[in-house]
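Here's start21.cif, which has mmCIF, C-alpha atoms and all ligand atoms:
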data_coords
loop_
_atom_site.group_PDB
_atom_site.id
_atom_site.type_symbol
_atom_site.label_atom_id
_atom_site.label_comp_id
_atom_site.auth_asym_id
_atom_site.auth_seq_id
_atom_site.Cartn_x
_atom_site.Cartn_y
_atom_site.Cartn_z
ATOM 1 C CA MET A 1364 125.951 123.638 79.890
ATOM 2 C CA LEU A 1365 123.078 124.277 82.244
ATOM 3 C CA LEU A 1366 125.241 125.163 85.249
ATOM 4 C CA GLN A 1367 127.114 127.709 83.146
ATOM 5 C CA GLU A 1368 123.838 129.299 82.006
ATOM 6 C CA ILE A 1369 122.606 129.414 85.582
ATOM 7 C CA LEU A 1370 125.789 131.055 86.838
ATOM 8 C CA GLU A 1371 125.819 133.645 84.048
ATOM 9 C CA HIS A 1372 122.216 134.553 84.799
ATOM 10 C CA ASN A 1373 123.038 134.628 88.501
ATOM 11 C CA ASP A 1374 125.860 137.153 88.008
ATOM 12 C CA GLN A 1375 123.433 139.488 86.241
ATOM 13 C CA PHE A 1376 120.638 138.844 88.727
ATOM 14 C CA VAL A 1377 122.791 139.900 91.650
ATOM 15 C CA ALA A 1378 124.569 142.742 89.827
ATOM 16 C CA LYS A 1379 121.277 144.315 88.708
ATOM 17 C CA LYS A 1380 119.815 143.871 92.204
ATOM 18 C CA GLU A 1381 116.876 141.914 90.823
ATOM 19 C CA TYR A 1382 116.526 140.347 94.266
ATOM 20 C CA VAL A 1383 115.186 143.558 95.802
ATOM 21 C CA PRO A 1384 111.455 142.829 95.161
ATOM 22 C CA TYR A 1385 111.884 139.493 96.969
ATOM 23 C CA GLU A 1386 113.450 140.755 100.169
ATOM 24 C CA THR A 1387 111.598 139.490 103.218
ATOM 25 C CA THR A 1388 112.133 137.695 106.530
ATOM 26 C CA LYS A 1389 112.272 133.970 107.253
ATOM 27 C CA MET A 1390 109.081 134.052 109.345
ATOM 28 C CA PRO A 1391 106.113 133.213 107.068
ATOM 29 C CA GLN A 1392 103.824 136.277 106.906
ATOM 30 C CA LYS A 1393 100.713 134.168 106.379
ATOM 31 C CA ARG A 1394 101.814 131.816 109.156
ATOM 32 C CA MET A 1395 101.234 128.775 106.995
ATOM 33 C CA VAL A 1396 103.129 125.696 105.916
ATOM 34 C CA VAL A 1397 102.351 123.946 102.631
ATOM 35 C CA VAL A 1398 103.220 120.356 101.735
ATOM 36 C CA SER A 1399 103.004 119.746 97.991
ATOM 37 C CA CYS A 1400 104.398 117.869 95.032
ATOM 38 C CA MET A 1401 107.650 118.635 93.212
ATOM 39 C CA ASP A 1402 105.778 118.573 89.861
ATOM 40 C CA ALA A 1403 107.389 121.158 87.546
ATOM 41 C CA ARG A 1404 103.976 122.533 86.544
ATOM 42 C CA LEU A 1405 103.451 123.725 90.109
ATOM 43 C CA ILE A 1406 106.671 125.757 90.494
ATOM 44 C CA GLU A 1407 104.979 129.088 89.776
ATOM 45 C CA LEU A 1408 101.361 128.010 89.390
ATOM 46 C CA LEU A 1409 100.869 126.808 92.976
ATOM 47 C CA PRO A 1410 101.914 130.037 94.735
ATOM 48 C CA LYS A 1411 100.118 132.209 92.149
ATOM 49 C CA ALA A 1412 96.909 130.179 92.480
ATOM 50 C CA LEU A 1413 97.079 130.519 96.285
ATOM 51 C CA ASP A 1414 98.232 134.158 96.273
ATOM 52 C CA ILE A 1415 101.403 133.216 98.122
ATOM 53 C CA HIS A 1416 104.370 135.538 97.696
ATOM 54 C CA ASN A 1417 107.965 135.423 98.814
ATOM 55 C CA GLY A 1418 108.009 135.403 102.592
ATOM 56 C CA ASP A 1419 104.379 134.268 102.989
ATOM 57 C CA ALA A 1420 104.733 130.539 103.624
ATOM 58 C CA LYS A 1421 106.956 127.577 104.268
ATOM 59 C CA ILE A 1422 106.678 125.255 101.272
ATOM 60 C CA ILE A 1423 107.830 121.648 101.576
ATOM 61 C CA LYS A 1424 107.892 119.542 98.435
ATOM 62 C CA ASN A 1425 108.651 115.999 97.420
ATOM 63 C CA ALA A 1426 107.448 113.429 94.888
ATOM 64 C CA GLY A 1427 103.678 113.257 95.330
ATOM 65 C CA GLY A 1428 103.508 115.637 98.294
ATOM 66 C CA THR A 1429 103.284 112.579 100.491
ATOM 67 C CA ILE A 1430 104.390 112.056 104.061
ATOM 68 C CA SER A 1431 105.771 108.559 103.982
ATOM 69 C CA HIS A 1432 107.098 108.480 107.531
ATOM 70 C CA ALA A 1433 105.661 109.969 110.742
ATOM 71 C CA PHE A 1434 109.213 110.837 111.828
ATOM 72 C CA GLY A 1435 110.751 111.467 108.423
ATOM 73 C CA SER A 1436 112.113 114.691 106.962
ATOM 74 C CA ILE A 1437 108.761 116.102 105.782
ATOM 75 C CA MET A 1438 107.281 115.748 109.264
ATOM 76 C CA ARG A 1439 110.433 117.256 110.765
ATOM 77 C CA SER A 1440 110.026 120.275 108.473
ATOM 78 C CA ILE A 1441 106.365 120.671 109.507
ATOM 79 C CA VAL A 1442 107.237 120.425 113.208
ATOM 80 C CA THR A 1443 110.052 122.975 112.772
ATOM 81 C CA SER A 1444 107.705 125.332 110.897
ATOM 82 C CA VAL A 1445 105.169 125.126 113.720
ATOM 83 C CA TYR A 1446 107.524 125.530 116.683
ATOM 84 C CA GLU A 1447 110.320 127.666 115.286
ATOM 85 C CA LEU A 1448 108.778 129.615 112.412
ATOM 86 C CA ASN A 1449 105.345 130.569 113.733
ATOM 87 C CA ALA A 1450 103.293 128.475 111.293
ATOM 88 C CA GLU A 1451 99.718 128.236 112.547
ATOM 89 C CA GLU A 1452 98.034 126.364 109.711
ATOM 90 C CA ILE A 1453 99.054 123.350 107.649
ATOM 91 C CA TYR A 1454 98.032 122.799 104.005
ATOM 92 C CA ILE A 1455 98.536 119.438 102.312
ATOM 93 C CA ILE A 1456 98.094 120.056 98.575
ATOM 94 C CA GLY A 1457 98.126 117.204 96.075
ATOM 95 C CA HIS A 1458 97.343 117.543 92.407
ATOM 96 C CA HIS A 1459 95.533 115.792 89.589
ATOM 97 C CA GLY A 1460 97.670 113.919 87.075
ATOM 98 C CA CYS A 1461 100.430 113.298 89.621
ATOM 99 C CA GLY A 1462 103.312 111.100 88.481
ATOM 100 C CA MET A 1463 103.240 109.364 91.860
ATOM 101 C CA SER A 1464 99.633 108.313 91.314
ATOM 102 C CA GLN A 1465 99.615 104.651 90.360
ATOM 103 C CA SER A 1466 103.363 104.855 89.968
ATOM 104 C CA ASN A 1467 105.207 101.836 88.700
ATOM 105 C CA PRO A 1468 107.967 100.722 91.104
ATOM 106 C CA GLN A 1469 108.704 97.614 89.038
ATOM 107 C CA GLY A 1470 109.297 99.789 85.970
ATOM 108 C CA THR A 1471 111.586 102.127 87.924
ATOM 109 C CA LEU A 1472 113.607 99.189 89.254
ATOM 110 C CA GLN A 1473 113.867 97.800 85.724
ATOM 111 C CA LYS A 1474 115.249 101.158 84.508
ATOM 112 C CA MET A 1475 117.960 100.948 87.179
ATOM 113 C CA VAL A 1476 118.900 97.486 85.910
ATOM 114 C CA ASP A 1477 118.784 98.641 82.265
ATOM 115 C CA ARG A 1478 121.157 101.536 83.039
ATOM 116 C CA GLY A 1479 123.581 99.104 84.609
ATOM 117 C CA VAL A 1480 123.257 100.736 88.016
ATOM 118 C CA THR A 1481 122.208 97.543 89.693
ATOM 119 C CA SER A 1482 121.197 93.965 88.960
ATOM 120 C CA PRO A 1483 118.189 91.816 89.860
ATOM 121 C CA MET A 1484 120.506 89.946 92.229
ATOM 122 C CA VAL A 1485 121.492 93.084 94.122
ATOM 123 C CA LEU A 1486 117.851 94.210 94.249
ATOM 124 C CA SER A 1487 116.886 90.841 95.714
ATOM 125 C CA ALA A 1488 119.658 91.177 98.279
ATOM 126 C CA ILE A 1489 118.368 94.633 99.292
ATOM 127 C CA GLU A 1490 114.821 93.269 99.607
ATOM 128 C CA TYR A 1491 116.146 90.300 101.557
ATOM 129 C CA ALA A 1492 117.845 92.723 103.961
ATOM 130 C CA GLY A 1493 114.383 94.049 104.809
ATOM 131 C CA VAL A 1494 114.023 97.064 102.487
ATOM 132 C CA ASP A 1495 110.736 96.898 100.576
ATOM 133 C CA LEU A 1496 111.837 98.748 97.435
ATOM 134 C CA HIS A 1497 108.405 98.488 95.809
ATOM 135 C CA LYS A 1498 106.748 100.083 98.811
ATOM 136 C CA TRP A 1499 109.511 102.697 99.020
ATOM 137 C CA LEU A 1500 109.069 103.785 95.402
ATOM 138 C CA PHE A 1501 105.300 103.520 95.263
ATOM 139 C CA GLY A 1502 103.287 106.740 95.500
ATOM 140 C CA PHE A 1503 99.563 106.228 95.900
ATOM 141 C CA ASP A 1504 96.523 104.814 94.106
ATOM 142 C CA ASP A 1505 94.282 107.843 94.409
ATOM 143 C CA VAL A 1506 95.242 111.465 95.107
ATOM 144 C CA VAL A 1507 92.166 112.171 97.250
ATOM 145 C CA ASP A 1508 92.853 109.113 99.442
ATOM 146 C CA SER A 1509 96.482 110.162 99.717
ATOM 147 C CA ILE A 1510 95.624 113.715 100.798
ATOM 148 C CA THR A 1511 93.083 112.429 103.311
ATOM 149 C CA ALA A 1512 95.573 109.968 104.808
ATOM 150 C CA ASN A 1513 98.359 112.565 104.987
ATOM 151 C CA THR A 1514 96.045 115.104 106.586
ATOM 152 C CA GLU A 1515 95.016 112.562 109.217
ATOM 153 C CA LEU A 1516 98.621 111.602 109.854
ATOM 154 C CA VAL A 1517 99.563 115.232 110.575
ATOM 155 C CA ARG A 1518 96.429 116.000 112.595
ATOM 156 C CA ASN A 1519 96.937 112.945 114.800
ATOM 157 C CA HIS A 1520 100.693 113.334 115.091
ATOM 158 C CA PRO A 1521 101.731 113.315 118.763
ATOM 159 C CA LEU A 1522 103.998 116.366 118.314
ATOM 160 C CA ILE A 1523 101.521 118.587 116.432
ATOM 161 C CA PRO A 1524 99.418 120.903 118.627
ATOM 162 C CA LYS A 1525 95.717 120.016 118.581
ATOM 163 C CA ASP A 1526 94.638 123.606 117.868
ATOM 164 C CA ILE A 1527 96.359 123.779 114.456
ATOM 165 C CA PRO A 1528 94.072 123.340 111.448
ATOM 166 C CA VAL A 1529 95.298 120.791 108.898
ATOM 167 C CA HIS A 1530 93.714 121.311 105.477
ATOM 168 C CA GLY A 1531 93.771 118.908 102.549
ATOM 169 C CA LEU A 1532 93.385 120.252 99.006
ATOM 170 C CA VAL A 1533 93.863 119.110 95.451
ATOM 171 C CA ILE A 1534 95.016 121.494 92.721
ATOM 172 C CA ASP A 1535 94.485 121.250 88.972
ATOM 173 C CA PRO A 1536 98.007 121.474 87.461
ATOM 174 C CA GLN A 1537 96.636 123.264 84.412
ATOM 175 C CA THR A 1538 94.092 125.794 85.723
ATOM 176 C CA GLY A 1539 95.286 126.067 89.323
ATOM 177 C CA LYS A 1540 91.754 125.406 90.589
ATOM 178 C CA LEU A 1541 91.674 124.190 94.177
ATOM 179 C CA ASP A 1542 89.219 121.683 95.597
ATOM 180 C CA VAL A 1543 88.947 121.260 99.339
ATOM 181 C CA ILE A 1544 89.182 117.636 100.417
ATOM 182 C CA VAL A 1545 89.586 118.264 104.136
ATOM 183 C CA ASP A 1546 88.531 121.537 105.769
ATOM 184 C CA GLY A 1547 90.839 121.813 108.772
ATOM 185 C CA TYR A 1548 88.640 124.419 110.485
ATOM 186 C CA LYS A 1549 85.650 122.048 110.468
ATOM 187 C CA ASP A 1550 87.788 119.252 111.890
ATOM 188 C CA LEU A 1551 88.959 121.558 114.681
ATOM 189 C CA ALA A 1552 85.389 122.638 115.487
ATOM 190 C CA ARG A 1553 84.340 118.989 115.583
ATOM 191 C CA SER A 1554 87.098 118.016 117.991
ATOM 192 C CA VAL A 1555 86.228 120.973 120.279
ATOM 193 C CA GLU A 1556 82.567 119.862 120.280
ATOM 194 C CA LEU A 1557 83.650 116.335 121.067
ATOM 195 C CA GLU A 1558 85.768 117.517 123.984
ATOM 196 C CA GLN A 1559 82.924 119.617 125.385
ATOM 197 C CA SER A 1560 80.532 116.691 125.201
ATOM 198 C CA LEU A 1561 82.867 114.486 127.230
HETATM 199 ZN ZN ZN A 1601 102.847 115.186 91.574
#
Before we go any further, please render this structure as structure tokens.
Amino acid sequence: MLLQEILEHNDQFVAKKEYVPYETTKMPQKRMVVVSCMDARLIELLPKALDIHNGDAKIIKNAGGTISHAFGSIMRSIVTSVYELNAEEIYIIGHHGCGMSQSNPQGTLQKMVDRGVTSPMVLSAIEYAGVDLHKWLFGFDDVVDSITANTELVRNHPLIPKDIPVHGLVIDPQTGKLDVIVDGYKDLARSVELEQSL
């Protein structure tokens, strides 16, 4: 059983004080917050590819690394990181080959029906009650568009300070190579120029 394995390992981990190399504080040393995808390939690769170590950053993850609601839990975590945990830069990092890219809500709903969890009738009733299940389950068409939109959402959020750079990047889940989609520093410089010209 997986839980049993985990607990046995955990006993050893604590007993042998293997936690010592990871001791740090809750304030992120690099003063950054990262929003990324829960993809299993990124568990170790993402921090290694960015040179992030325990204590360096706040890392928020979900399916697709998307911010689906301006006042949802991801945004709440970003706002908390900024105001309570000294984060001064925001990194939105999507990845190639993401499962949420061109995801298939209809297929997912069908799997729920096939497992006997629900029925087409119940799904219709939920939709009728105003919940768009297809929209809820859908990720995005294109990772670059998604990163750009999420970056804009955070940058223009009414509760995010205007002097915080919001970067958008895409990572290769195999090599860890990063490509910059949105350079938050350039966006900041542009908005300062714009203000001065007004
Ligand atoms: Zn993903």
Counting all atoms listed in the file, the residue of A:Ser1464, A:Asn1449, A:Asn1373, A:Thr1443 that sits nearest ligand ZN 1601 (chain A) =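 Answer, going by the shortest atom-to-atom distance: A:Ser1464.
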Quick one: which residues end up in the PyMOL selection byres (((chain A and resi 1419) around 7) and not hetatm) for this structure, as a list in words?
-> Pro1391, Gln1392, Lys1393, Ile1415, His1416, Asn1417, Gly1418 and Ala1420 of chain A
File dump, residues just selected, C-alpha atoms, as a short mmCIF file (atom, residue, chain, number, x, y, z; two decimals), in the coordinates of the input:
data_model
loop_
_atom_site.label_atom_id
_atom_site.label_comp_id
_atom_site.auth_asym_id
_atom_site.auth_seq_id
_atom_site.Cartn_x
_atom_site.Cartn_y
_atom_site.Cartn_z
CA PRO A 1391 106.11 133.21 107.07
CA GLN A 1392 103.82 136.28 106.91
CA LYS A 1393 100.71 134.17 106.38
CA ILE A 1415 101.40 133.22 98.12
CA HIS A 1416 104.37 135.54 97.70
CA ASN A 1417 107.96 135.42 98.81
CA GLY A 1418 108.01 135.40 102.59
CA ALA A 1420 104.73 130.54 103.62
#
Within 12 Å of Ile1455 in chain A, counting all atoms listed in the file, which residues show up once you throw out same-chain ones fewer than 5 positions away? Write them as a VMD selection string, please.
-> chain A and resid 1395 to 1400 1421 to 1425 1427 to 1430 1437 to 1438 1441 1506 to 1507 1509 to 1518 1528 to 1534 1541 to 1547
Show me which residues sit within 7 Å of ligand ZN 1601 (chain A) when counting all atoms listed in the file, and put them as a PyMOL selection string.
-> chain A and resi 1400-1402+1426-1428+1457-1458+1460-1463
A:Tyr1454, A:Tyr1491, A:Tyr1446, A:Phe1376 ranked by distance to Met1390 in chain A, top pick (using all atoms listed in the file) |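 Closest to Met1390 in chain A of all the choices is A:Tyr1446.
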Skip Leu1472 in chain A itself and residues of its chain fewer than 6 positions away, then list as a ChimeraX atom specification all residues within 9 Å of it, counting all atoms listed in the file.
-> /A:1481,1483,1486,1496-1497,1500
How far is it from CA of Arg1478 in chain A to CA of Ala1492 in chain A, in Å with one decimal?
->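 It comes out at 22.9 Å.
CA of Lys1525 in chain A is positioned 11.1 Å from CA of Ala1552 in chain A.
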Please write out, as lines of an AutoDock Vina configuration file, where the centre of an axis-aligned box around all listed atoms of range 1483-1501 of chain A lies and how long its edges are, in Å to one decimal, after adding 5 Å on each side.
center_x = 113.4
center_y = 96.9
center_z = 97.3
size_x = 26.2
size_y = 23.8
size_z = 24.9
Write out as a list in words which residues come within 8 Å of Asn1467 in chain A when counting only C-alpha atoms, dropping same-chain ones fewer than 3 positions away.
->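 The neighbour list is Gly1470, Thr1471, Leu1500 and Phe1501 of chain A.
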Given the PyMOL selection byres (((chain A and resi 1408) around 10) and not hetatm), the residues it picks as a PDB file with C-alpha atoms, in the coordinates of the input:
ATOM      1  CA  ALA A1403     107.389 121.158  87.546  1.00  0.00           C
ATOM      2  CA  ARG A1404     103.976 122.533  86.544  1.00  0.00           C
ATOM      3  CA  LEU A1405     103.451 123.725  90.109  1.00  0.00           C
ATOM      4  CA  ILE A1406     106.671 125.757  90.494  1.00  0.00           C
ATOM      5  CA  GLU A1407     104.979 129.088  89.776  1.00  0.00           C
ATOM      6  CA  LEU A1409     100.869 126.808  92.976  1.00  0.00           C
ATOM      7  CA  PRO A1410     101.914 130.037  94.735  1.00  0.00           C
ATOM      8  CA  LYS A1411     100.118 132.209  92.149  1.00  0.00           C
ATOM      9  CA  ALA A1412      96.909 130.179  92.480  1.00  0.00           C
ATOM     10  CA  LEU A1413      97.079 130.519  96.285  1.00  0.00           C
ATOM     11  CA  ASP A1414      98.232 134.158  96.273  1.00  0.00           C
ATOM     12  CA  ILE A1534      95.016 121.494  92.721  1.00  0.00           C
ATOM     13  CA  ASP A1535      94.485 121.250  88.972  1.00  0.00           C
ATOM     14  CA  PRO A1536      98.007 121.474  87.461  1.00  0.00           C
ATOM     15  CA  GLN A1537      96.636 123.264  84.412  1.00  0.00           C
ATOM     16  CA  THR A1538      94.092 125.794  85.723  1.00  0.00           C
ATOM     17  CA  GLY A1539      95.286 126.067  89.323  1.00  0.00           C
TER      18      GLY A1539
END
